[in-house]
$ cat model.cif   # mmCIF, C-alpha atoms
data_coords
#
loop_
_atom_site.label_atom_id
_atom_site.label_comp_id
_atom_site.auth_asym_id
_atom_site.auth_seq_id
_atom_site.Cartn_x
_atom_site.Cartn_y
_atom_site.Cartn_z
CA MET A 1022 276.05 109.27 218.61
CA ALA A 1023 279.28 110.47 220.18
CA GLN A 1024 280.84 110.39 216.72
CA ASP A 1025 278.84 113.41 215.57
CA ASP A 1026 280.10 115.59 218.43
CA ARG A 1027 283.80 115.14 217.87
CA PRO A 1028 285.88 118.20 216.93
CA LEU A 1029 286.85 117.67 213.30
CA SER A 1030 289.84 118.89 211.34
CA PRO A 1031 290.74 121.47 210.13
CA HIS A 1032 288.14 123.45 212.14
CA LEU A 1033 288.79 126.69 210.25
CA GLN A 1034 286.33 128.86 212.17
CA VAL A 1035 288.27 128.91 215.46
CA TYR A 1036 291.57 130.17 214.02
CA ARG A 1037 292.49 133.77 213.25
CA PRO A 1038 293.54 133.76 209.58
CA GLN A 1039 297.27 134.19 209.00
CA PHE A 1040 299.18 134.59 205.74
CA THR A 1041 300.36 130.96 205.80
CA SER A 1042 296.96 129.55 206.78
CA VAL A 1043 295.24 131.54 204.02
CA LEU A 1044 297.72 130.11 201.50
CA SER A 1045 297.01 126.63 202.90
CA ILE A 1046 293.25 126.85 202.46
CA LEU A 1047 293.78 128.46 199.04
CA HIS A 1048 295.60 125.27 198.02
CA ARG A 1049 292.43 123.31 198.78
CA ILE A 1050 290.09 125.85 197.19
CA THR A 1051 292.16 126.01 193.98
CA GLY A 1052 292.39 122.19 194.01
CA VAL A 1053 288.60 121.82 194.10
CA GLY A 1054 288.29 124.55 191.45
CA LEU A 1055 290.77 122.75 189.21
CA GLY A 1056 288.72 119.57 189.63
CA LEU A 1057 285.82 121.41 187.99
CA GLY A 1058 288.16 123.14 185.52
CA ALA A 1059 289.54 119.77 184.41
CA LEU A 1060 286.10 119.08 182.98
CA LEU A 1061 286.62 122.07 180.63
CA LEU A 1062 289.74 120.33 179.26
CA VAL A 1063 287.69 117.13 178.75
CA TRP A 1064 284.99 119.16 176.97
CA TRP A 1065 287.58 120.84 174.72
CA LEU A 1066 289.20 117.49 173.78
CA ALA A 1067 285.84 115.74 173.24
CA ALA A 1068 284.69 118.63 171.03
CA ALA A 1069 287.92 118.46 168.99
CA ALA A 1070 287.33 114.71 168.48
CA ALA A 1071 283.65 115.25 167.57
CA GLY A 1072 284.50 117.56 164.66
CA PRO A 1073 284.86 121.16 163.46
CA GLU A 1074 281.23 122.18 164.27
CA ALA A 1075 281.36 121.05 167.92
CA PHE A 1076 284.84 122.55 168.27
CA ALA A 1077 283.69 125.91 166.90
CA VAL A 1078 281.05 126.10 169.67
CA VAL A 1079 283.66 125.53 172.42
CA ARG A 1080 286.06 127.96 170.71
CA GLY A 1081 283.36 130.61 170.60
CA ILE A 1082 282.56 130.21 174.31
CA ALA A 1083 286.27 130.19 175.28
CA GLY A 1084 286.82 133.37 173.26
CA SER A 1085 283.90 135.30 174.83
CA TRP A 1086 284.67 137.73 177.67
CA LEU A 1087 283.02 135.41 180.19
CA GLY A 1088 284.97 132.45 178.84
CA CYS A 1089 288.22 134.42 179.04
CA LEU A 1090 287.41 135.44 182.63
CA VAL A 1091 286.81 131.80 183.64
CA LEU A 1092 290.00 130.70 181.86
CA LEU A 1093 291.96 133.52 183.51
CA GLY A 1094 290.80 132.34 186.95
CA PHE A 1095 291.41 128.72 186.00
CA SER A 1096 294.96 129.45 184.78
CA TRP A 1097 295.84 131.36 187.98
CA ALA A 1098 294.37 128.53 190.13
CA LEU A 1099 296.45 126.03 188.13
CA PHE A 1100 299.69 128.01 188.56
CA TYR A 1101 298.98 128.67 192.24
CA HIS A 1102 298.25 124.99 192.95
CA LEU A 1103 301.34 124.02 190.93
CA CYS A 1104 303.71 126.42 192.75
CA ASN A 1105 302.27 125.74 196.20
CA GLY A 1106 302.30 122.02 195.39
CA ILE A 1107 306.04 122.23 194.74
CA ARG A 1108 306.32 124.04 198.14
CA HIS A 1109 304.43 121.10 199.68
CA LEU A 1110 306.81 118.60 198.04
CA PHE A 1111 309.77 120.38 199.71
CA TRP A 1112 307.95 120.11 203.06
CA ASP A 1113 307.36 116.40 202.35
CA VAL A 1114 311.14 115.82 202.25
CA GLY A 1115 311.54 117.85 205.48
CA MET A 1116 312.77 121.15 204.01
CA GLY A 1117 311.56 124.71 204.64
CA PHE A 1118 309.59 124.28 207.86
CA GLU A 1119 311.13 127.32 209.66
CA LEU A 1120 308.55 130.10 210.12
CA THR A 1121 310.57 132.68 208.20
CA THR A 1122 311.26 130.19 205.37
CA ALA A 1123 307.60 129.16 205.18
CA ARG A 1124 306.54 132.83 204.99
CA THR A 1125 309.18 133.67 202.35
CA SER A 1126 308.30 130.63 200.22
CA GLY A 1127 304.64 131.65 200.55
CA TYR A 1128 305.36 135.11 199.12
CA GLY A 1129 307.39 133.39 196.41
CA VAL A 1130 304.45 131.14 195.51
CA VAL A 1131 302.02 134.08 195.24
CA ALA A 1132 304.50 136.09 193.11
CA ALA A 1133 305.36 133.11 190.88
CA SER A 1134 301.69 132.20 190.31
CA LEU A 1135 300.86 135.77 189.26
CA ALA A 1136 303.98 136.05 187.07
CA LEU A 1137 303.32 132.69 185.32
CA THR A 1138 299.66 133.63 184.72
CA ALA A 1139 300.70 136.96 183.18
CA LEU A 1140 303.40 135.24 181.10
CA ALA A 1141 301.03 132.55 179.76
CA TRP A 1142 298.38 135.12 178.76
CA LEU A 1143 300.92 137.48 177.19
CA ALA A 1144 302.42 134.59 175.23
CA GLY A 1145 298.97 133.38 174.18
CA LEU A 1146 297.52 136.74 173.18
CA LEU A 1147 300.68 138.08 171.49
CA GLY A 1148 301.44 134.75 169.80
CA SER A 1149 297.97 134.45 168.30
CA GLY A 1150 297.89 138.10 167.23
CA GLY A 1151 298.41 137.20 163.58
CA ALA A 1152 296.38 133.99 163.47
CA ALA A 1153 293.26 135.15 165.32
CA MET B 1495 285.30 102.89 227.90
CA SER B 1496 282.37 102.30 230.26
CA GLY B 1497 282.60 100.22 233.46
CA ARG B 1498 281.22 97.04 231.89
CA SER B 1499 283.66 94.24 231.23
CA GLU B 1500 285.05 93.76 227.73
CA LEU B 1501 286.29 90.43 226.46
CA ARG B 1502 288.11 92.06 223.52
CA THR B 1503 291.35 93.88 224.27
CA ARG B 1504 291.74 97.54 223.35
CA LEU B 1505 294.27 96.60 220.68
CA GLY B 1506 291.81 94.13 219.18
CA ARG B 1507 289.14 96.80 218.91
CA VAL B 1508 291.29 99.38 217.10
CA ARG B 1509 293.10 97.05 214.70
CA GLY B 1510 292.15 97.76 211.11
CA LEU B 1511 290.73 101.17 212.00
CA GLY B 1512 292.13 104.64 211.44
CA SER B 1513 295.71 105.06 210.35
CA ALA B 1514 296.32 101.31 210.11
CA LYS B 1515 294.58 101.18 206.72
CA GLU B 1516 295.62 102.46 203.30
CA GLY B 1517 296.78 105.95 204.27
CA VAL B 1518 300.39 105.53 203.13
CA ALA B 1519 299.44 104.26 199.67
CA HIS B 1520 297.02 107.19 199.26
CA TRP B 1521 299.66 109.72 200.40
CA TRP B 1522 302.34 108.19 198.16
CA ALA B 1523 300.10 108.07 195.07
CA GLN B 1524 299.16 111.74 195.62
CA ARG B 1525 302.84 112.77 195.79
CA LEU B 1526 303.90 110.60 192.84
CA THR B 1527 301.18 112.05 190.61
CA ALA B 1528 302.09 115.55 191.89
CA VAL B 1529 305.71 115.09 190.77
CA ALA B 1530 304.55 113.84 187.35
CA LEU B 1531 302.16 116.79 187.02
CA VAL B 1532 304.86 119.45 187.53
CA PRO B 1533 306.45 119.11 184.05
CA LEU B 1534 303.12 118.08 182.47
CA THR B 1535 301.39 121.25 183.73
CA PHE B 1536 304.17 123.44 182.30
CA TRP B 1537 303.80 121.55 179.01
CA LEU B 1538 300.01 121.97 178.98
CA THR B 1539 299.99 125.68 179.76
CA ALA B 1540 302.76 126.43 177.26
CA SER B 1541 300.94 124.40 174.60
CA LEU B 1542 297.55 125.99 175.28
CA ALA B 1543 299.09 129.47 175.25
CA GLY B 1544 300.56 128.61 171.84
CA LEU B 1545 297.16 127.32 170.68
CA TRP B 1546 295.15 130.36 171.87
CA GLY B 1547 292.54 131.14 169.23
CA ALA B 1548 293.54 128.09 167.18
CA GLY B 1549 290.93 126.48 164.94
CA HIS B 1550 289.95 122.81 164.70
CA ALA B 1551 292.53 121.86 162.06
CA GLU B 1552 295.39 123.37 164.04
CA VAL B 1553 294.40 121.59 167.28
CA VAL B 1554 293.97 118.26 165.47
CA ALA B 1555 297.40 118.64 163.84
CA TRP B 1556 298.90 119.38 167.25
CA LEU B 1557 297.30 116.26 168.80
CA ARG B 1558 298.72 114.17 165.94
CA GLY B 1559 302.25 115.34 166.67
CA PRO B 1560 304.85 113.11 168.28
CA VAL B 1561 304.65 114.56 171.81
CA ALA B 1562 301.12 115.88 172.37
CA PRO B 1563 299.10 112.60 172.50
CA VAL B 1564 301.52 110.94 174.94
CA ALA B 1565 301.86 114.02 177.15
CA MET B 1566 298.11 114.70 177.10
CA ILE B 1567 297.17 111.12 178.06
CA ALA B 1568 299.85 111.11 180.79
CA LEU B 1569 298.46 114.42 182.06
CA LEU B 1570 294.87 113.11 182.02
CA ILE B 1571 295.72 109.89 183.89
CA ALA B 1572 297.99 111.54 186.49
CA GLY B 1573 295.70 114.58 186.77
CA PHE B 1574 292.42 112.77 187.30
CA HIS B 1575 294.03 110.29 189.70
CA HIS B 1576 295.52 113.21 191.69
CA LEU B 1577 292.18 115.02 191.52
CA GLN B 1578 290.08 112.20 192.97
CA LEU B 1579 292.65 111.50 195.72
CA GLY B 1580 292.58 115.17 196.72
CA MET B 1581 288.79 115.49 196.52
CA GLN B 1582 288.48 112.38 198.72
CA VAL B 1583 290.54 114.07 201.48
CA VAL B 1584 288.51 117.29 201.21
CA ILE B 1585 285.24 115.33 201.44
CA GLU B 1586 286.51 113.27 204.40
CA ASP B 1587 287.47 116.48 206.21
CA TYR B 1588 284.29 118.51 205.67
CA VAL B 1589 281.40 116.08 205.08
CA HIS B 1590 280.57 114.51 208.41
CA SER B 1591 277.46 112.48 207.61
CA GLU B 1592 278.57 108.96 206.72
CA ALA B 1593 275.92 108.52 203.99
CA ALA B 1594 276.66 111.85 202.26
CA LYS B 1595 280.42 111.33 202.65
CA TRP B 1596 280.49 107.94 200.95
CA THR B 1597 277.99 108.93 198.28
CA LEU B 1598 280.20 111.90 197.35
CA ILE B 1599 283.44 109.89 197.45
CA VAL B 1600 282.01 107.18 195.18
CA ALA B 1601 280.54 109.82 192.83
CA VAL B 1602 283.86 111.72 192.63
CA LYS B 1603 285.91 108.56 192.00
CA LEU B 1604 283.57 107.17 189.33
CA GLY B 1605 283.08 110.62 187.79
CA ALA B 1606 286.84 111.23 187.60
CA ALA B 1607 287.37 107.82 185.97
CA LEU B 1608 284.60 108.50 183.43
CA ALA B 1609 285.86 112.01 182.59
CA ALA B 1610 289.43 110.74 182.17
CA LEU B 1611 288.22 107.92 179.89
CA ILE B 1612 286.16 110.30 177.73
CA ALA B 1613 289.18 112.59 177.30
CA VAL B 1614 291.68 109.75 176.64
CA VAL B 1615 289.37 108.20 174.02
CA ALA B 1616 288.98 111.66 172.41
CA VAL B 1617 292.77 112.06 172.21
CA LEU B 1618 293.17 108.56 170.73
CA ARG B 1619 290.41 109.18 168.18
CA ILE B 1620 292.17 112.35 167.04
CA ALA B 1621 295.67 110.83 167.13
CA PHE B 1622 294.67 107.75 165.12
CA GLY B 1623 291.82 109.36 163.18
CA ALA B 1624 291.62 109.51 159.42
#
$ encode --input "model.cif" --output "structure tokens"
Amino acid sequence: MAQDDRPLSPHLQVYRPQFTSVLSILHRITGVGLGLGALLLVWWLAAAAAGPEAFAVVRGIAGSWLGCLVLLGFSWALFYHLCNGIRHLFWDVGMGFELTTARTSGYGVVAASLALTALAWLAGLLGSGGAA
Amino acid sequence: MSGRSELRTRLGRVRGLGSAKEGVAHWWAQRLTAVALVPLTFWLTASLAGLWGAGHAEVVAWLRGPVAPVAMIALLIAGFHHLQLGMQVVIEDYVHSEAAKWTLIVAVKLGAALAALIAVVAVLRIAFGA
């Protein structure tokens, strides 16, 4: 079938990676990752509804070093997808398409996602210092 | 495109295919849920940071507050709708076999609906629970 031979978007392999194109594919990768991460939120809520025993299991896993590592990655992916999503919304209304603007906003998104991740973890770990 | 004669016009053959379908509604729903998710994501991350290390009683009390159940259900509905719209585009772009593509799209859409329902029911059970 001719249909199977068509060149298909986005055809990543033929392009030399650039800063903006790496940020673009990162938006997709973090989006797919967040799709899986959303199931963790469902698990947490379902465990809270099921009762203290089920919740203690989830709390124990979330508090382990592996759980913290997954949550750290998940929180950065969430902030990256959020910040870059806002960048996309500006593009959707026709703003920020100039190459220099797109590059600057890209650096802004990377910096903001890292800063928000650090802020959330500092707030969480310092805030729970007494309770935990 | 071959030399043989065609009774149908070219316009007749492409009508209803490609971009003439539901692309705008899909695009619009993705953007609308994205706008809703901006404040909701800030709310979720701030709340979860505040709840780090919290026990069952503390989380239940939080989900019985005035804001948390509404914001959480709004986040779940907007989030899972946004998620399945986005996953559909990714699958359409990278999965080229028709059978695998549609199996995955149906699985993602039904799975997202099921996961959202499980979470919404959990929130309601906590919010209205004894």
$ interface_residues --input "model.cif" --of "chain B" --to "chain A" --cutoff "9 Å" --atoms "all atoms listed in the file" --output "compact mmCIF listing (two decimals) with C-alpha atoms, in the coordinates of the input"
# COMPACT_ATOMS: atom_id res chain seq x y z
CA ARG B 1525 302.84 112.77 195.79
CA ALA B 1528 302.09 115.55 191.89
CA VAL B 1529 305.71 115.09 190.77
CA LEU B 1531 302.16 116.79 187.02
CA VAL B 1532 304.86 119.45 187.53
CA THR B 1535 301.39 121.25 183.73
CA PHE B 1536 304.17 123.44 182.30
CA THR B 1539 299.99 125.68 179.76
CA ALA B 1540 302.76 126.43 177.26
CA LEU B 1542 297.55 125.99 175.28
CA ALA B 1543 299.09 129.47 175.25
CA GLY B 1544 300.56 128.61 171.84
CA LEU B 1545 297.16 127.32 170.68
CA TRP B 1546 295.15 130.36 171.87
CA GLY B 1547 292.54 131.14 169.23
CA ALA B 1548 293.54 128.09 167.18
CA GLY B 1549 290.93 126.48 164.94
CA HIS B 1550 289.95 122.81 164.70
CA ALA B 1551 292.53 121.86 162.06
CA VAL B 1553 294.40 121.59 167.28
CA VAL B 1554 293.97 118.26 165.47
CA LEU B 1570 294.87 113.11 182.02
CA GLY B 1573 295.70 114.58 186.77
CA PHE B 1574 292.42 112.77 187.30
CA LEU B 1577 292.18 115.02 191.52
CA GLN B 1578 290.08 112.20 192.97
CA GLY B 1580 292.58 115.17 196.72
CA MET B 1581 288.79 115.49 196.52
CA VAL B 1584 288.51 117.29 201.21
CA ASP B 1587 287.47 116.48 206.21
CA TYR B 1588 284.29 118.51 205.67
CA HIS B 1590 280.57 114.51 208.41
CA SER B 1591 277.46 112.48 207.61
CA ALA B 1606 286.84 111.23 187.60
CA ALA B 1609 285.86 112.01 182.59
CA ALA B 1610 289.43 110.74 182.17
CA ILE B 1612 286.16 110.30 177.73
CA ALA B 1613 289.18 112.59 177.30
CA VAL B 1614 291.68 109.75 176.64
CA VAL B 1615 289.37 108.20 174.02
CA ALA B 1616 288.98 111.66 172.41
CA VAL B 1617 292.77 112.06 172.21
CA LEU B 1618 293.17 108.56 170.73
CA ARG B 1619 290.41 109.18 168.18
CA ILE B 1620 292.17 112.35 167.04
CA GLY B 1623 291.82 109.36 163.18
$ resolve_selection --input "model.cif" --expression "the PyMOL selection byres ((chain B and resi 1602) around 10)" --output "VMD selection string"
(chain A and resid 1056) or (chain B and resid 1577 to 1579 1581 to 1582 1585 1596 to 1601 1603 to 1608)
$ atom_distance --input "model.cif" --atom1 "atom CA of His1576 of chain B" --atom2 "atom CA of Ala1098 of chain A"
15.4 Å
$ atom_distance --input "model.cif" --atom1 "atom CA of Leu1569 of chain B" --atom2 "atom CA of Trp1556 of chain B"
15.6 Å
$ resolve_selection --input "model.cif" --expression "the PyMOL selection byres ((chain A and resi 1118-1132) around 7)" --output "PyMOL selection string"
chain A and resi 1041+1101+1104-1105+1112+1116-1117+1133-1136
$ atom_distance --input "model.cif" --atom1 "atom CA of Gly1058 of chain A" --atom2 "atom CA of Glu1586 of chain B"
21.4 Å
$ closest_residue --input "model.cif" --among "B:Ala1568, B:Leu1611, B:Val1583, B:Val1589" --to "Leu1538 of chain B" --atoms "all atoms listed in the file"
B:Ala1568
$ axis_aligned_box --input "model.cif" --around "segment 1139-1147 of chain A" --padding-each-side "4 Å" --output "JSON"
{"center_x": 300.5, "center_y": 135.3, "center_z": 177.3, "size_x": 13.9, "size_y": 13.5, "size_z": 19.7}
$ decode --input "model.cif" --residues "segment 1071-1082 of chain A" --atoms "N, CA and C atoms" --output "PDB file, in the first residue's frame"
ATOM      1  N   ALA A1071      -9.680   4.421  50.455  1.00  0.00           N
ATOM      2  CA  ALA A1071      -9.791   3.036  50.928  1.00  0.00           C
ATOM      3  C   ALA A1071      -9.556   2.932  52.440  1.00  0.00           C
ATOM      4  N   GLY A1072      -8.730   3.835  52.990  1.00  0.00           N
ATOM      5  CA  GLY A1072      -8.530   3.799  54.438  1.00  0.00           C
ATOM      6  C   GLY A1072      -7.075   3.969  54.837  1.00  0.00           C
ATOM      7  N   PRO A1073      -6.833   4.077  56.159  1.00  0.00           N
ATOM      8  CA  PRO A1073      -5.489   4.364  56.668  1.00  0.00           C
ATOM      9  C   PRO A1073      -4.450   3.304  56.292  1.00  0.00           C
ATOM     10  N   GLU A1074      -4.850   1.991  56.246  1.00  0.00           N
ATOM     11  CA  GLU A1074      -3.863   0.940  55.952  1.00  0.00           C
ATOM     12  C   GLU A1074      -3.353   1.073  54.517  1.00  0.00           C
ATOM     13  N   ALA A1075      -4.309   1.193  53.552  1.00  0.00           N
ATOM     14  CA  ALA A1075      -3.914   1.328  52.143  1.00  0.00           C
ATOM     15  C   ALA A1075      -3.105   2.602  51.940  1.00  0.00           C
ATOM     16  N   PHE A1076      -3.494   3.671  52.654  1.00  0.00           N
ATOM     17  CA  PHE A1076      -2.789   4.939  52.496  1.00  0.00           C
ATOM     18  C   PHE A1076      -1.359   4.852  53.025  1.00  0.00           C
ATOM     19  N   ALA A1077      -1.187   4.105  54.125  1.00  0.00           N
ATOM     20  CA  ALA A1077       0.155   3.973  54.715  1.00  0.00           C
ATOM     21  C   ALA A1077       1.112   3.289  53.741  1.00  0.00           C
ATOM     22  N   VAL A1078       0.594   2.339  52.934  1.00  0.00           N
ATOM     23  CA  VAL A1078       1.428   1.647  51.943  1.00  0.00           C
ATOM     24  C   VAL A1078       1.933   2.651  50.905  1.00  0.00           C
ATOM     25  N   VAL A1079       1.002   3.465  50.361  1.00  0.00           N
ATOM     26  CA  VAL A1079       1.374   4.454  49.338  1.00  0.00           C
ATOM     27  C   VAL A1079       2.338   5.482  49.935  1.00  0.00           C
ATOM     28  N   ARG A1080       2.064   5.896  51.176  1.00  0.00           N
ATOM     29  CA  ARG A1080       2.914   6.885  51.840  1.00  0.00           C
ATOM     30  C   ARG A1080       4.327   6.354  52.028  1.00  0.00           C
ATOM     31  N   GLY A1081       4.415   5.057  52.371  1.00  0.00           N
ATOM     32  CA  GLY A1081       5.718   4.436  52.546  1.00  0.00           C
ATOM     33  C   GLY A1081       6.513   4.397  51.254  1.00  0.00           C
ATOM     34  N   ILE A1082       5.825   4.044  50.143  1.00  0.00           N
ATOM     35  CA  ILE A1082       6.495   3.979  48.841  1.00  0.00           C
ATOM     36  C   ILE A1082       6.908   5.377  48.391  1.00  0.00           C
TER      37      ILE A1082
END
